[in-house]
Each structure stands twice: as C-alpha cells, then as structure tokens.
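Report on the following structure.
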Amino acid sequence: MAERYEVVVIGGGAVGENVAGRVAAGGLRTVLVEKELVGGECSYWACMPSKALLRPGEAIMAARRTPGARAALSGDIDVDEALRRRDALASHWDDSGQVEWLESAGVDFVRGRARLVDERKVNVIEPDGSMRELEAARAVVVATGSVAAMPPIKGLAEAAPWDSRKATTARSVPESLIVMGGGAVGAEMAQAWRTLGSHKVSLIESQDRLLPGEAAVVGAALAQSFTDMGIEVRTGTRVVSVERRDGSIFAELDDGEVLSAQELIVAVGRKPATEDLGLESIGLQAGEYLRVDDRLCVVDVPAGWLYAVGDVNGRNLFTHMGKYQARMAADVILGKKALAWADATANTRVIFTDPQVAAVGLTAESARNKGLKVRSVEHPFGAVAGAAALGEGIEGHCELVIDEDRGIIVGATFIGPGAGELLHAATIAIVGEVPLERLWHAVPAFPTVSEVWLRMMEKYGL
Ligand SMILES: Cc1cc2nc3c(=O)[nH]c(=O)nc-3n(C[C@H](O)[C@H](O)[C@H](O)COP(=O)(O)OP(=O)(O)OC[C@H]3O[C@@H](n4cnc5c(N)ncnc54)[C@H](O)[C@@H]3O)c2cc1C
Ligand SMILES: NC(=O)c1ccc[n+]([C@@H]2O[C@H](COP(=O)([O-])OP(=O)(O)OC[C@H]3O[C@@H](n4cnc5c(N)ncnc54)[C@H](O)[C@@H]3O)[C@@H](O)[C@H]2O)c1
C-alpha cells in the first residue's frame with residue numbers, strides 16, 4: 001500500500017528542504033526523500049567548504065593591503081587549522097542537525113533513493129534495500145540538483161581527476177594543480193589551493209576569458225589578480241588528452257604543449273541529476289534538465305502535478321536562486337498566485353575570488369542581445385574614500401547597465417574586495433524598477449564603498 005502525502009519532495013538539498021518546509025508550514029502533509037545527506041551539495045561539497053578554503057587567503061590579502069596590519073603577517077597559513085575549519089563548516093559531513101530541522105518543520109523524512117514510477121507515484125529504495133511506495137495527492141517536487149560534468153577527453157576518466165567534490169574535500173594541499181575550466185568552480189578552487197600553498201597552479205579556460213558569462217572586464221580583472229597571485233592563466237585553449245603516470249598527471253593542450261601537476265580539477269560545468277530518476281515512466285528523457293514554466297511546473301508533463309526546482313531545472317545554478325524558486329513553487333502548490341520571474345531578470349551571483357565578482361541582472365552585452373537600448377556607467381571600485389579606508393592598492397570596477405527607455409537599472413557588476421555586499425542595493429533597484437531620479441535621493445553613507453553609486457549616477461548625468 002502506498003503511503004499517501006499531499007506533497008512528495010525528491011532531493012533534500014538546500015532547495016528541496018526549502019520547498020518542503022514551506023508547503024508543510026502551509027498545512028500540507030509532506031515527505032522529503034534524500035539519498036545522501038540532507039543539506040545536499042551546498043552544505044557539504046560546494047558553497048560552504050569552498051568558502052572555508054578561500055577565507056584564509058582572502059584574510060591575508062586584506063591584511064597585506066592594510067599598512068600596519070601587513071607587518072603582523074609573518075609565517076605561513078596553518079593548513080591543518082584551515083582544513084579543520086573547512087570540516088566544521090561542512091558540519092563534518094553529518095546531517096543530523098538538518099534532519100532535526102526537517103522534523104521541527106513538520107516534514108516527514110525518508111532516507112533512500114527515489115524514483116518516479118508513474119504519475120504522482122514515487123518508489124524509494126532505503127539503505128537496507130527495502131522499498132517504500134509514496135503517492136502525492138497534490139504535487140511531486142523534483143529537487144535532485146546537479147553533478148559535475150566530465151567531458152569525453154582521451155584518458156581523463158582513467159586518470160581519476162578531482163571533480164568539485166574532491167576539490168572541496170581534499171585532506172591535503174596538492175603540491176601542484178591543473179584546473180580545467182575558468183568558471184565559478186575553477187576560479188574559486190584555483191585561488192583556494194594556490195593561497196593554501198599549491199606551488200604551481202595552471203587554470204585552463206577554453207573561452208577567451210575567465211568567467212566568460214560575465215562582463216568582459218571581469219575576466220580581465222580576475223586574470224590580472226590571479227597572475228599576481230602566481231596562478232598561470234591560460235585562456236582560449238583546451239586539454240585534448242590526459243594521462244596519470246609516475247605520481248603525476250599530464251595534460252596535453254590543443255597546441256601540443258604538455259602540462260604536468262600532482263592533481264587535476266575538472267570544473268567545466270554541471271549536468272542535471274536526472275539519470276536514475278525514473279523519468280521514462282512518465283514520458284520524459286533521462287539525463288536532461290527538467291524544463292519548467294515560471295510556476296516551476298515541468299512543461300512536458302500534463303496535469304501540472306510535477307514541479308522542478310533548483311539546479312535540476314537548469315535555470316540558475318545557485319543556491320539562493322534555487323531557494324527563491326522553492327519559495328515560489330511552494331506558494332503555487334499552496335494555491336497562491338506566484339511566479340518565479342526574478343531569476344530571469346535579477347539573478348544574483350557572487351564569485352568569492354580576490355577580487356570578488358558580484359553581478360545581478362543583465363550585462364551590457366546580454367541586454368543589447370535582448371534588444372534593449374542600454375548605456376553603461378562605470379567607476380573604479382578603488383576611487384572612493386570607503387575603498388581607501390579599506391587599504392592600499394585597491395583596484396576593481398563598478399558598472400551599472402541602464403535601460404535608457406525606462407530610466408531604470410537592468411544590470412550591475414561590482415569587482416573588488418567585499419564587492420558581494422554591494423550587490424543587494426542593485427538587486428533592490430532592479431527588482432523594484434526604481435527610476436534613477438528617485439535613486440538619486442538614496443544617499444550612501446561616508447566613507448563606504450557604496451559611494452560608487454553616487455559617482456555612477458553623476459556620470460549618468462544626474
Ligand atoms: C564547488 C561549488 C561551489 C559552489 N558555491 C556556491 C556558492 O558559494 N553560492 C551559491 O549560491 N551556489 C554555489 N554553488 C552552486 C550550489 O551548490 C547549487 O546551486 C546548489 O547546491 C543547488 O541546490 P539543489 O538543492 O538544487 O541541489 P543539490 O544541492 O545538488 O541537492 C540535491 C539533492 O538531491 C539528492 N538526490 C538526487 N537524486 C536523488 C534521488 N533519486 N533520490 C533522493 N535524493 C536524490 C542529492 O543527494 C542531493 O542531496 C556551488 C557549486 C559548486 C559545485
Ligand atoms: N560562488 C558561487 O556562487 C559559485 C561557485 C561555484 C559554482 N557555482 C555554480 O556552479 C555552477 C557550475 O560551476 P562550473 O564552474 O562547474 O561551471 P561554469 O559553467 O560556471 O564554468 C565552466 C567553465 O568551463 C569552461 N569549459 C568548458 N569546457 C571546457 C574545456 N574542455 N576546457 C576548458 N574549459 C572548459 C567553460 O567555458 C566555462 O567557463 C556555476 O554555473 C555556478 O552557478 C557558484
């Protein structure tokens with residue numbers, strides 16, 4: 001006999017937990033199924049451990065920029081202590097706290113691998129091999145996330161490279177490192193391991209710049225900073241074959257050059273965790289992203305009972321944007337009028353490198369591609385008193401993308417130390433469609449870096 005619930009959530013990452021908690025708070029009988037650890041990738045193998053690995057180097061770079069503090073820097077990073085803190089921020093890969101939270105939120109929990117077997121029907125294989133049948137009267141929500149993509153490069157799989165999980169959980173600093181992919185994971189991991197002590201780090205990006213989805217100025221700023229850190233940045237090139245032998249890993253590039261290192265990280269993007277989910281049983285293709293509408297309903301399934309939130313729908317692969325979708329999907333399931341539109345127009349992203357890269361909404365290029373008449377206004381991050389107060393030699397860049405027809409901001413990029421904290425003001429301006437004439441009255445405090453807002457609005461002509 002199937003156990004009947006109003007809502008069955010498959011996948012207990014940050015996004016699944018959020019949707020389950022919200023529908024349960026709305027009074028719906030809810031069960032969440034998780035095959036590994038409640039909290040998912042972000043808590044144990046992604047956001048939290050990666051930020052912990054970056055922090056010691058970031059703190060040192062901030063101190064180096066600060067006359068007086070600089071003198072106190074003697075000696076090396078205590079790697080053991082840094083890794084202990086990483087382990088603590090990853091909750092020692094123990095999810096008992098999050099399981100307790102689910103219970104306190106009134107969500108039933110089943111540990112096991114879930115598979116769709118029919119419309120609204122989910123079977124779960126528990127760790128001891130027993131099977132449970134679940135049935136959802138109202139909705140099944142898929143929140144199974146994504147896994148690291150492994151490109152079909154000769155010798156790569158056999159060489160057992162590090163994926164993002166190994167890169168964030170390694171127990172020692174590799175003496176040298178090749179990083180394939182200059183996106184978010186590659187950039188953060190190259191910096192983290194270089195600042196923790198890797199002597200030689202090569203970062204290889206196939207496009208012509210790092211973080212190629214962001215404004216061009218981002219890639220240039222990051223490449224300069226990484227070069228200063230001693231990271232070798234190679235753009236516009238690819239690895240064509242890989243081999244592990246004699247304790248090293250060798251990567252041949254498309255121009256014939258061969259690089260060698262102790263380890264190689266593959267960070268070339270993600271693929272959806274939909275391969276073993278029983279999608280065929282409801283007429284969908286395994287291994288594909290689940291396409292959703294703005295109510296987060298899977299579009300290729302009739303009757304509106306199947307929802308997909310977070311990485312698995314491929315809309316926006318960030319924890320906070322997935323959690324936003326989770327709130328919207330929960331409200332739709334609860335019968336409220338809700339649509340997830342901000343993850344298309346005001347998607348926030350912060351890459352925690354030095355300098356930090358923070359962006360929201362459109363770049364000038366993507367806005368023009370959408371047919372918008374935009375104008376960019378720019379100001380150096382370091383050219384305000386707030387930045388001078390932070391330290392010496394602070395460079396960076398700030399840019400607002402302004403829709404000339406509507407007189408509102410549609411995108412913003414901030415590059416500099418701590419830039420992520422500037423982002424929410426821009427997000428509010430974009431989501432609120434606040435006219436620039438009105439923003440002109442939002443006065444940044446002195447001496448904060450937020451004064452860049454004032455300078456950019458002056459440049460716009462206010
Ligand atoms: C190295 C790295 C660093 C990152 N840093 C950041 C960051 O700083 N900020 C940020 O916003 N984003 C960051 N991200 C992205 C972020 O981790 C993801 O966007 C986020 O984890 C997606 O959440 P999710 O709940 O959709 O998926 P996941 O966290 O992947 O959770 C999905 C869960 O579903 C479970 N599952 C899968 N299939 C089944 C099944 N059949 N049955 C039962 N359970 C199943 C999985 O075990 C998993 O626990 C980072 C990613 C990486 C790789
Ligand atoms: N701070 C954060 O919020 C954070 C940190 C890490 C990851 N993330 C999320 O996780 C997602 C996945 O990150 P990711 O870095 O794996 O993917 P990504 O899509 O951000 O970057 C992958 C990069 O690899 C490059 N590439 C592809 N094939 C290549 C090849 N064969 N050789 C060399 N380069 C190649 C791509 O051009 C791209 O720049 C990101 O899109 C982001 O949403 C977020």
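Just remember, in the structure tokens the first chain shown is A, the second B, etc., residues are 1-based per chain, and ligands are 1-based in the order shown.
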Discussion item. Show me which residues are within 8 Å of ligand 2 counting only C-alpha atoms and all ligand atoms, and format the list as a ChimeraX atom specification.
Written reply: /A:46-47,50,148-149,151,153,164,180-188,204-207,209-213,237-240,266-270,316-319,349-352
Can you write out the residues you just picked, keeping N, CA and C atoms, as a short mmCIF file (atom, residue, chain, number, x, y, z; two decimals), in the first residue's frame?
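out23.cif, written as the output of this step:
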data_model
loop_
_atom_site.label_atom_id
_atom_site.label_comp_id
_atom_site.auth_asym_id
_atom_site.auth_seq_id
_atom_site.Cartn_x
_atom_site.Cartn_y
_atom_site.Cartn_z
N ALA A 46 30.12 22.00 -1.64
CA ALA A 46 30.12 23.12 -2.60
C ALA A 46 30.30 24.45 -1.87
N CYS A 47 29.21 25.20 -1.69
CA CYS A 47 29.32 26.57 -1.15
C CYS A 47 30.14 26.63 0.15
N SER A 50 33.91 25.34 0.09
CA SER A 50 34.74 26.15 -0.81
C SER A 50 35.01 27.52 -0.20
N ALA A 148 28.89 17.11 -11.27
CA ALA A 148 29.95 17.66 -12.14
C ALA A 148 29.94 16.95 -13.49
N ALA A 149 30.07 17.73 -14.56
CA ALA A 149 30.16 17.14 -15.90
C ALA A 149 31.61 16.69 -16.15
N PRO A 151 33.94 15.87 -19.31
CA PRO A 151 33.99 15.87 -20.77
C PRO A 151 34.68 14.62 -21.30
N ILE A 153 37.21 13.48 -22.77
CA ILE A 153 38.59 13.75 -23.22
C ILE A 153 39.43 12.49 -23.05
N SER A 164 34.36 18.51 -8.44
CA SER A 164 34.19 19.59 -7.44
C SER A 164 34.13 19.02 -6.03
N MET A 180 40.88 22.65 -14.94
CA MET A 180 40.23 22.75 -16.27
C MET A 180 38.90 23.44 -16.10
N GLY A 181 38.76 24.62 -16.71
CA GLY A 181 37.50 25.36 -16.59
C GLY A 181 37.70 26.59 -15.73
N GLY A 182 37.56 27.78 -16.36
CA GLY A 182 37.73 29.03 -15.63
C GLY A 182 36.40 29.68 -15.32
N GLY A 183 35.42 28.84 -14.96
CA GLY A 183 34.14 29.36 -14.49
C GLY A 183 34.19 29.54 -12.98
N ALA A 184 33.01 29.47 -12.36
CA ALA A 184 32.93 29.76 -10.93
C ALA A 184 33.73 28.76 -10.10
N VAL A 185 33.55 27.47 -10.36
CA VAL A 185 34.25 26.46 -9.56
C VAL A 185 35.75 26.54 -9.81
N GLY A 186 36.14 26.60 -11.08
CA GLY A 186 37.56 26.61 -11.41
C GLY A 186 38.28 27.82 -10.82
N ALA A 187 37.65 28.98 -10.93
CA ALA A 187 38.29 30.21 -10.42
C ALA A 187 38.44 30.12 -8.90
N GLU A 188 37.35 29.74 -8.22
CA GLU A 188 37.44 29.69 -6.75
C GLU A 188 38.43 28.63 -6.27
N ILE A 204 42.98 26.59 -16.88
CA ILE A 204 42.79 26.49 -18.34
C ILE A 204 41.33 26.71 -18.69
N GLU A 205 41.07 27.73 -19.50
CA GLU A 205 39.70 28.07 -19.89
C GLU A 205 39.61 28.05 -21.42
N SER A 206 38.59 27.36 -21.92
CA SER A 206 38.50 27.23 -23.39
C SER A 206 38.03 28.52 -24.07
N GLN A 207 37.22 29.32 -23.38
CA GLN A 207 36.78 30.59 -23.98
C GLN A 207 37.93 31.62 -23.88
N ARG A 209 38.18 34.26 -22.11
CA ARG A 209 38.40 34.93 -20.83
C ARG A 209 37.82 34.11 -19.69
N LEU A 210 38.30 34.39 -18.48
CA LEU A 210 37.74 33.74 -17.29
C LEU A 210 36.32 34.24 -17.08
N LEU A 211 35.49 33.46 -16.39
CA LEU A 211 34.08 33.78 -16.14
C LEU A 211 33.44 34.39 -17.40
N PRO A 212 33.44 33.65 -18.51
CA PRO A 212 33.03 34.24 -19.78
C PRO A 212 31.57 34.68 -19.84
N GLY A 213 30.75 34.24 -18.90
CA GLY A 213 29.35 34.68 -18.90
C GLY A 213 29.18 36.09 -18.34
N THR A 237 42.20 27.97 -24.76
CA THR A 237 42.88 26.70 -25.03
C THR A 237 42.16 25.55 -24.32
N ARG A 238 42.37 24.34 -24.83
CA ARG A 238 41.68 23.16 -24.31
C ARG A 238 42.66 22.05 -24.02
N VAL A 239 42.25 21.20 -23.10
CA VAL A 239 43.01 19.96 -22.87
C VAL A 239 42.49 18.94 -23.85
N VAL A 240 43.40 18.24 -24.56
CA VAL A 240 42.93 17.24 -25.53
C VAL A 240 43.19 15.81 -25.06
N VAL A 266 38.60 18.98 -12.62
CA VAL A 266 37.70 19.19 -13.76
C VAL A 266 36.54 20.06 -13.29
N ALA A 267 36.42 21.25 -13.86
CA ALA A 267 35.37 22.20 -13.45
C ALA A 267 34.80 22.86 -14.70
N VAL A 268 34.20 22.02 -15.56
CA VAL A 268 33.74 22.54 -16.86
C VAL A 268 32.21 22.62 -16.93
N GLY A 269 31.56 22.64 -15.78
CA GLY A 269 30.11 22.78 -15.76
C GLY A 269 29.45 21.58 -15.10
N ARG A 270 28.13 21.55 -15.14
CA ARG A 270 27.34 20.56 -14.41
C ARG A 270 26.42 19.82 -15.36
N ASN A 316 19.16 28.40 -13.20
CA ASN A 316 20.04 29.27 -12.46
C ASN A 316 20.76 28.47 -11.39
N LEU A 317 22.01 28.12 -11.62
CA LEU A 317 22.63 27.12 -10.73
C LEU A 317 23.29 27.77 -9.51
N PHE A 318 22.49 28.41 -8.70
CA PHE A 318 22.98 29.00 -7.45
C PHE A 318 22.02 28.62 -6.33
N THR A 319 22.55 28.40 -5.15
CA THR A 319 21.71 28.00 -4.02
C THR A 319 20.59 29.01 -3.77
N ARG A 349 24.68 36.85 -8.42
CA ARG A 349 25.79 35.90 -8.34
C ARG A 349 27.01 36.59 -7.74
N VAL A 350 27.66 35.89 -6.83
CA VAL A 350 28.91 36.38 -6.25
C VAL A 350 29.94 35.27 -6.35
N ILE A 351 31.04 35.56 -6.99
CA ILE A 351 32.15 34.61 -7.06
C ILE A 351 33.18 35.10 -6.05
N PHE A 352 33.55 34.20 -5.11
CA PHE A 352 34.28 34.64 -3.92
C PHE A 352 35.79 34.61 -4.11
#
Discussion item. What residues of the protein or nucleic acid chains come within 6 Å of ligand 1 when you use only C-alpha atoms and all ligand atoms? Reply as a PyMOL selection string.
Written reply: chain A and resi 10-16+33-38+40-42+46-47+50+112-115+143-146+164+185+273+277+310-312+317-320+322
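Using only C-alpha atoms, the smallest distance between any of A:Ala223, A:Leu177, A:Ala419, A:Ala308 and Ala261 of chain A comes from A:Leu177.
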Fill in: Selection near Val173 of chain A, 9 Å with only C-alpha atoms, sequence-local residues under 5 positions removed, as a PyMOL selection string
chain A and resi 79+193-194+196-198
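Distances here use only C-alpha atoms; by that measure, the residue among A:Gly391, A:Pro447, A:Gly283, A:Pro435 closest to Arg64 of chain A is A:Gly391.
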